[in-house]
Amino acid sequence: MKCKIQYVTCLLYLQSLLFAQDIIQNGFTKSLGMGMGYYQYAEFDTLDNPVMRMDTGVLRILGDIGYIYNNGIKLYGSLDANMSIGVYTGSILDPTNPDRDGQKLTALVANSFYDARFKVAYNILKPFNIANMTLYLQVGAGYYFNYTNGLSVVRFQGYTYIPIELESEIRINEKIVINYGIGYDYFLVGNHFTKSTQWYYGDNYQTIQKQGFGVSALFGVTFIRENGQTNSVKLAYQYWDIGAGEPMRTTEGGSGVTTPVVIYEPKNHTHLIMLQYTWHF
C-alpha cells in the first residue's frame, strides 16, 4: 500500500510539472485579439446631479508583446484601440439664452479611446515551485486617451496612471486554463481639451485634472490546442472615477452679445465591459 501511495504521488507530481510547461512558457509572448462590449461615460455637477452621459457599443482591437524570464520576471506592453457609437443624452449649454439653456438633448455620438500599458511582473509563486498555477504581481505605467469626435465640439481627454495588478492562471486539465485578475489604477494626472470656440466661446478650454482612480477586473478561459497553440476568451471590466477640472473664465457670444461666463469640466465616471477573443502565437 505504501508503495502504491508513493507511486500515485509521483505520478501527480510529474503531471503537475507537465502542466507547468504549458502555463509557464519562458521567452517571448505575443498575442492579438478583438472584442466587443458596452461603454458608458457620465458627468456630474458638484451636487452629484447628472449632467450628461454617453451610452455606446464598442469594437476593440488589442495586442501585447512581452518576455518571460526563468526567474519568474515578466516584462510586457499592451495596447487596445476602441471605436464606439451610440447615444448622447444631455442638455444644451447656452447661458446667454435662458429659453434654450438647459433644454434636453439626445443625439448620435461617436467616440474612440486607446489604452497603452507597460508593466513589470513577478510570479510570486515561483519560489514555492507550484507547478500548475501562476500569480503575477504587476506594476508599471499607463496612458488612457479618449477622443470624442461625434459631437458638435471636439474633446480630448488623457489620463496618466500607474497600474497595480494581480493576475493568475490555473491549469484545470490538458486543454483548459482559467485566467483571472484584478487591478487598481493609481491616477497621476489628467489632461483635458475642449474646442469650445466651436460653441462661440472666446477661448478653447484646457485644464488639468488631479484627482481620480481606476479599477479593473478580468475572468476568462484559455484553450490549449493539440499543436500547443492557445486561444483565450475573456470578460474584462474597467472603471474610471475622475475629479472635476479647474474652471476657466471666458466669454460667450452665440447670441450676438458678448457675455462673461465660467466653464469647467465636471467630474466623470466611465464604465467599460468587454468580451474579448485573443490568439496567442
# chains A, B, ... in the order shown; residues from 1 in each chain; ligands from 1
call {"tool": "select_by_dssp", "arguments": {"residues": "segment 8-246 of chain A", "states": "strand (DSSP E or B)", "output": "JSON, numbers by chain"}}
result
{"A": [27, 28, 29, 30, 31, 32, 33, 34, 35, 36, 37, 38, 39, 40, 41, 42, 43, 44, 50, 51, 52, 53, 54, 55, 56, 57, 58, 59, 60, 61, 62, 63, 64, 65, 66, 67, 68, 73, 74, 75, 76, 77, 78, 79, 80, 81, 82, 83, 84, 85, 86, 87, 88, 89, 90, 91, 104, 105, 106, 107, 108, 109, 110, 111, 112, 113, 114, 115, 116, 117, 118, 119, 120, 121, 122, 123, 133, 134, 135, 136, 137, 138, 139, 140, 141, 142, 143, 144, 145, 146, 147, 148, 155, 156, 157, 158, 159, 160, 161, 162, 163, 164, 165, 166, 167, 168, 169, 170, 171, 176, 177, 178, 179, 180, 181, 182, 183, 184, 185, 186, 187, 188, 189, 190, 191, 192, 193, 194, 201, 205, 206, 207, 208, 209, 212, 213, 214, 215, 216, 217, 218, 219, 220, 221, 222, 223, 224, 230, 231, 232, 233, 234, 235, 236, 237, 238, 239, 240, 241, 242]}
call {"tool": "closest_atom_pairs", "arguments": {"of": "segment 209-251 of chain A", "to": "segment 43-65 of chain A", "cutoff": "12 Å", "atoms": "only C-alpha atoms", "output": "CSV"}}
result
residue,atom,partner,partner_atom,distance
A:Ala236,CA,A:Arg60,CA,11.9
A:Trp240,CA,A:Glu43,CA,11.6
A:Asp241,CA,A:Glu43,CA,10.0
A:Ile242,CA,A:Glu43,CA,9.5
A:Gly243,CA,A:Phe44,CA,9.8
A:Ala244,CA,A:Thr46,CA,8.6
A:Gly245,CA,A:Asp45,CA,11.4
call {"tool": "write_last_selection", "arguments": {"atoms": "all heavy atoms", "output": "mmCIF file, in the first residue's frame"}}
result
data_model
loop_
_atom_site.group_PDB
_atom_site.id
_atom_site.type_symbol
_atom_site.label_atom_id
_atom_site.label_comp_id
_atom_site.auth_asym_id
_atom_site.auth_seq_id
_atom_site.Cartn_x
_atom_site.Cartn_y
_atom_site.Cartn_z
ATOM 1 N N ALA A 236 -13.778 41.362 -19.560
ATOM 2 C CA ALA A 236 -12.978 42.392 -18.887
ATOM 3 C C ALA A 236 -13.862 43.572 -18.496
ATOM 4 O O ALA A 236 -14.775 43.956 -19.239
ATOM 5 C CB ALA A 236 -11.845 42.863 -19.786
ATOM 6 N N TRP A 240 -13.402 54.116 -14.386
ATOM 7 C CA TRP A 240 -12.654 55.327 -14.054
ATOM 8 C C TRP A 240 -13.552 56.271 -13.257
ATOM 9 O O TRP A 240 -14.736 56.437 -13.573
ATOM 10 C CB TRP A 240 -12.186 56.049 -15.323
ATOM 11 C CG TRP A 240 -11.019 55.428 -16.020
ATOM 12 C CD1 TRP A 240 -11.037 54.733 -17.195
ATOM 13 C CD2 TRP A 240 -9.654 55.452 -15.591
ATOM 14 N NE1 TRP A 240 -9.773 54.309 -17.518
ATOM 15 C CE2 TRP A 240 -8.903 54.741 -16.553
ATOM 16 C CE3 TRP A 240 -9.001 55.986 -14.479
ATOM 17 C CZ2 TRP A 240 -7.529 54.564 -16.442
ATOM 18 C CZ3 TRP A 240 -7.628 55.819 -14.367
ATOM 19 C CH2 TRP A 240 -6.921 55.112 -15.340
ATOM 20 N N ASP A 241 -12.979 56.921 -12.254
ATOM 21 C CA ASP A 241 -13.644 57.964 -11.472
ATOM 22 C C ASP A 241 -12.678 59.147 -11.429
ATOM 23 O O ASP A 241 -11.651 59.090 -10.762
ATOM 24 C CB ASP A 241 -13.953 57.454 -10.066
ATOM 25 C CG ASP A 241 -14.754 58.449 -9.240
ATOM 26 O OD1 ASP A 241 -14.359 59.634 -9.169
ATOM 27 O OD2 ASP A 241 -15.769 58.045 -8.668
ATOM 28 N N ILE A 242 -13.017 60.214 -12.151
ATOM 29 C CA ILE A 242 -12.098 61.350 -12.326
ATOM 30 C C ILE A 242 -12.737 62.625 -11.797
ATOM 31 O O ILE A 242 -13.910 62.913 -12.078
ATOM 32 C CB ILE A 242 -11.732 61.535 -13.818
ATOM 33 C CG1 ILE A 242 -11.214 60.228 -14.412
ATOM 34 C CG2 ILE A 242 -10.697 62.645 -13.971
ATOM 35 C CD1 ILE A 242 -9.964 59.691 -13.766
ATOM 36 N N GLY A 243 -11.952 63.395 -11.036
ATOM 37 C CA GLY A 243 -12.451 64.632 -10.457
ATOM 38 C C GLY A 243 -12.586 65.755 -11.468
ATOM 39 O O GLY A 243 -12.088 65.688 -12.592
ATOM 40 N N ALA A 244 -13.266 66.819 -11.051
ATOM 41 C CA ALA A 244 -13.520 67.969 -11.917
ATOM 42 C C ALA A 244 -12.247 68.737 -12.222
ATOM 43 O O ALA A 244 -11.289 68.725 -11.444
ATOM 44 C CB ALA A 244 -14.550 68.889 -11.273
ATOM 45 N N GLY A 245 -12.247 69.417 -13.371
ATOM 46 C CA GLY A 245 -11.142 70.279 -13.745
ATOM 47 C C GLY A 245 -11.315 71.689 -13.208
ATOM 48 O O GLY A 245 -12.387 72.066 -12.719
#
call {"tool": "residues_around", "arguments": {"residues": "Ala121 of chain A", "least_positions_apart": "6", "cutoff": "8 Å", "atoms": "only C-alpha atoms", "output": "list in words"}}
result
Ile73, Lys74, Leu75, Tyr136, Leu137, Gln138 and Val139 of chain A
call {"tool": "write_last_selection", "arguments": {"atoms": "N, CA and C atoms", "output": "PDB file, in the first residue's frame"}}
result
ATOM      1  N   ILE A  73      10.285  36.695 -13.638  1.00  0.00           N
ATOM      2  CA  ILE A  73      10.020  38.084 -14.012  1.00  0.00           C
ATOM      3  C   ILE A  73       9.479  38.141 -15.438  1.00  0.00           C
ATOM      4  N   LYS A  74       8.492  38.990 -15.641  1.00  0.00           N
ATOM      5  CA  LYS A  74       7.901  39.178 -16.963  1.00  0.00           C
ATOM      6  C   LYS A  74       7.843  40.669 -17.281  1.00  0.00           C
ATOM      7  N   LEU A  75       8.304  41.042 -18.476  1.00  0.00           N
ATOM      8  CA  LEU A  75       8.193  42.407 -18.980  1.00  0.00           C
ATOM      9  C   LEU A  75       7.272  42.391 -20.195  1.00  0.00           C
ATOM     10  N   TYR A 136       0.898  36.582 -10.784  1.00  0.00           N
ATOM     11  CA  TYR A 136       1.798  37.682 -11.098  1.00  0.00           C
ATOM     12  C   TYR A 136       1.366  38.960 -10.381  1.00  0.00           C
ATOM     13  N   LEU A 137       2.309  39.561  -9.673  1.00  0.00           N
ATOM     14  CA  LEU A 137       2.150  40.915  -9.144  1.00  0.00           C
ATOM     15  C   LEU A 137       2.745  41.859 -10.172  1.00  0.00           C
ATOM     16  N   GLN A 138       1.926  42.811 -10.658  1.00  0.00           N
ATOM     17  CA  GLN A 138       2.309  43.639 -11.791  1.00  0.00           C
ATOM     18  C   GLN A 138       2.211  45.126 -11.443  1.00  0.00           C
ATOM     19  N   VAL A 139       3.185  45.896 -11.910  1.00  0.00           N
ATOM     20  CA  VAL A 139       3.164  47.342 -11.732  1.00  0.00           C
ATOM     21  C   VAL A 139       3.835  47.971 -12.944  1.00  0.00           C
TER      22      VAL A 139
END
call {"tool": "residues_around", "arguments": {"residues": "segment 196-206 of chain A", "least_positions_apart": "5", "cutoff": "7 Å", "atoms": "only C-alpha atoms", "output": "count of residues only"}}
result
6
call {"tool": "residues_around", "arguments": {"residues": "His192 of chain A", "least_positions_apart": "4", "cutoff": "8 Å", "atoms": "only C-alpha atoms", "output": "list in words"}}
result
Arg155, Phe156, Gln157, Gly158, Tyr205, Gln206, Thr207, Ile208 and Gln209 of chain A
call {"tool": "write_last_selection", "arguments": {"atoms": "C-alpha atoms", "output": "PDB file, in the first residue's frame"}}
result
ATOM      1  CA  ARG A 155     -12.950  66.914 -26.973  1.00  0.00           C
ATOM      2  CA  PHE A 156      -9.704  65.198 -25.880  1.00  0.00           C
ATOM      3  CA  GLN A 157      -9.087  63.524 -22.520  1.00  0.00           C
ATOM      4  CA  GLY A 158      -5.940  61.794 -21.326  1.00  0.00           C
ATOM      5  CA  TYR A 205     -10.959  75.147 -22.675  1.00  0.00           C
ATOM      6  CA  GLN A 206      -7.869  73.378 -21.328  1.00  0.00           C
ATOM      7  CA  THR A 207      -7.460  72.032 -17.809  1.00  0.00           C
ATOM      8  CA  ILE A 208      -5.556  69.583 -15.632  1.00  0.00           C
ATOM      9  CA  GLN A 209      -7.445  67.023 -13.543  1.00  0.00           C
TER      10      GLN A 209
END
call {"tool": "closest_residue", "arguments": {"among": "A:Trp279, A:Phe128, A:Phe193, A:Tyr237", "to": "Val154 of chain A", "atoms": "only C-alpha atoms"}}
result
A:Phe193
call {"tool": "atom_distance", "arguments": {"atom1": "atom CA of Asn191 of chain A", "atom2": "atom CA of Gly214 of chain A"}}
result
15.6 Å
call {"tool": "atom_distance", "arguments": {"atom1": "atom CA of Thr230 of chain A", "atom2": "atom CA of Gly183 of chain A"}}
result
24.0 Å
call {"tool": "closest_atom_pairs", "arguments": {"of": "segment 94-161 of chain A", "to": "segment 173-180 of chain A", "cutoff": "10 Å", "atoms": "only C-alpha atoms", "output": "Markdown table"}}
result
| residue | atom | partner | partner_atom | distance |
| --- | --- | --- | --- | --- |
| A:Asn132 | CA | A:Val177 | CA | 9.3 |
| A:Met133 | CA | A:Val177 | CA | 9.2 |
| A:Thr134 | CA | A:Asn179 | CA | 9.7 |
| A:Leu135 | CA | A:Tyr180 | CA | 9.7 |
call {"tool": "write_last_selection", "arguments": {"atoms": "N, CA, C and O atoms", "output": "compact mmCIF listing (two decimals), in the first residue's frame"}}
result
# COMPACT_ATOMS: atom_id res chain seq x y z
N ASN A 132 1.17 24.13 -11.44
CA ASN A 132 0.05 24.36 -12.36
C ASN A 132 -0.68 25.67 -12.09
O ASN A 132 -1.85 25.81 -12.41
N MET A 133 0.01 26.64 -11.50
CA MET A 133 -0.60 27.93 -11.21
C MET A 133 0.44 29.02 -11.21
O MET A 133 1.58 28.81 -10.76
N THR A 134 0.09 30.19 -11.71
CA THR A 134 0.94 31.38 -11.59
C THR A 134 0.14 32.49 -10.92
O THR A 134 -1.10 32.53 -11.01
N LEU A 135 0.82 33.39 -10.26
CA LEU A 135 0.20 34.57 -9.66
C LEU A 135 1.18 35.72 -9.81
O LEU A 135 2.16 35.81 -9.08
call {"tool": "select_by_dssp", "arguments": {"residues": "segment 168-252 of chain A", "states": "helix (DSSP H, G or I)", "output": "list in words"}}
result
Ser196, Thr197, Gln198 and Trp199 of chain A
call {"tool": "closest_atom_pairs", "arguments": {"of": "segment 65-184 of chain A", "to": "segment 271-274 of chain A", "cutoff": "12 Å", "atoms": "only C-alpha atoms", "output": "CSV"}}
result
residue,atom,partner,partner_atom,distance
A:Asp80,CA,A:Met274,CA,11.5
A:Asn82,CA,A:Met274,CA,10.5
A:Ser84,CA,A:Leu272,CA,11.1
A:Phe113,CA,A:Leu272,CA,11.2
call {"tool": "write_last_selection", "arguments": {"atoms": "all heavy atoms", "output": "mmCIF file, in the first residue's frame"}}
result
data_model
loop_
_atom_site.group_PDB
_atom_site.id
_atom_site.type_symbol
_atom_site.label_atom_id
_atom_site.label_comp_id
_atom_site.auth_asym_id
_atom_site.auth_seq_id
_atom_site.Cartn_x
_atom_site.Cartn_y
_atom_site.Cartn_z
ATOM 1 N N ASP A 80 -4.711 48.658 -26.540
ATOM 2 C CA ASP A 80 -6.008 48.388 -27.156
ATOM 3 C C ASP A 80 -6.564 49.668 -27.768
ATOM 4 O O ASP A 80 -6.386 50.761 -27.234
ATOM 5 C CB ASP A 80 -6.993 47.754 -26.160
ATOM 6 C CG ASP A 80 -7.283 48.628 -24.957
ATOM 7 O OD1 ASP A 80 -7.937 49.659 -25.125
ATOM 8 O OD2 ASP A 80 -6.883 48.244 -23.845
ATOM 9 N N ASN A 82 -10.139 51.312 -29.444
ATOM 10 C CA ASN A 82 -11.582 51.103 -29.361
ATOM 11 C C ASN A 82 -12.325 52.160 -30.162
ATOM 12 O O ASN A 82 -12.004 53.353 -30.103
ATOM 13 C CB ASN A 82 -12.039 51.180 -27.904
ATOM 14 C CG ASN A 82 -11.251 50.275 -26.988
ATOM 15 O OD1 ASN A 82 -11.639 49.148 -26.736
ATOM 16 N ND2 ASN A 82 -10.125 50.771 -26.469
ATOM 17 N N SER A 84 -16.385 53.421 -30.801
ATOM 18 C CA SER A 84 -17.738 53.237 -30.276
ATOM 19 C C SER A 84 -18.702 54.218 -30.931
ATOM 20 O O SER A 84 -18.313 55.309 -31.370
ATOM 21 C CB SER A 84 -17.752 53.424 -28.755
ATOM 22 O OG SER A 84 -17.559 54.784 -28.410
ATOM 23 N N PHE A 113 -11.214 55.554 -28.114
ATOM 24 C CA PHE A 113 -10.326 55.649 -26.960
ATOM 25 C C PHE A 113 -9.287 54.541 -27.038
ATOM 26 O O PHE A 113 -9.509 53.477 -27.633
ATOM 27 C CB PHE A 113 -11.095 55.608 -25.639
ATOM 28 C CG PHE A 113 -12.070 54.481 -25.504
ATOM 29 C CD1 PHE A 113 -11.739 53.328 -24.824
ATOM 30 C CD2 PHE A 113 -13.339 54.580 -26.049
ATOM 31 C CE1 PHE A 113 -12.636 52.298 -24.681
ATOM 32 C CE2 PHE A 113 -14.262 53.541 -25.908
ATOM 33 C CZ PHE A 113 -13.904 52.397 -25.226
#
call {"tool": "atom_distance", "arguments": {"atom1": "atom CA of Gly86 of chain A", "atom2": "atom CA of Ala107 of chain A"}}
result
8.5 Å
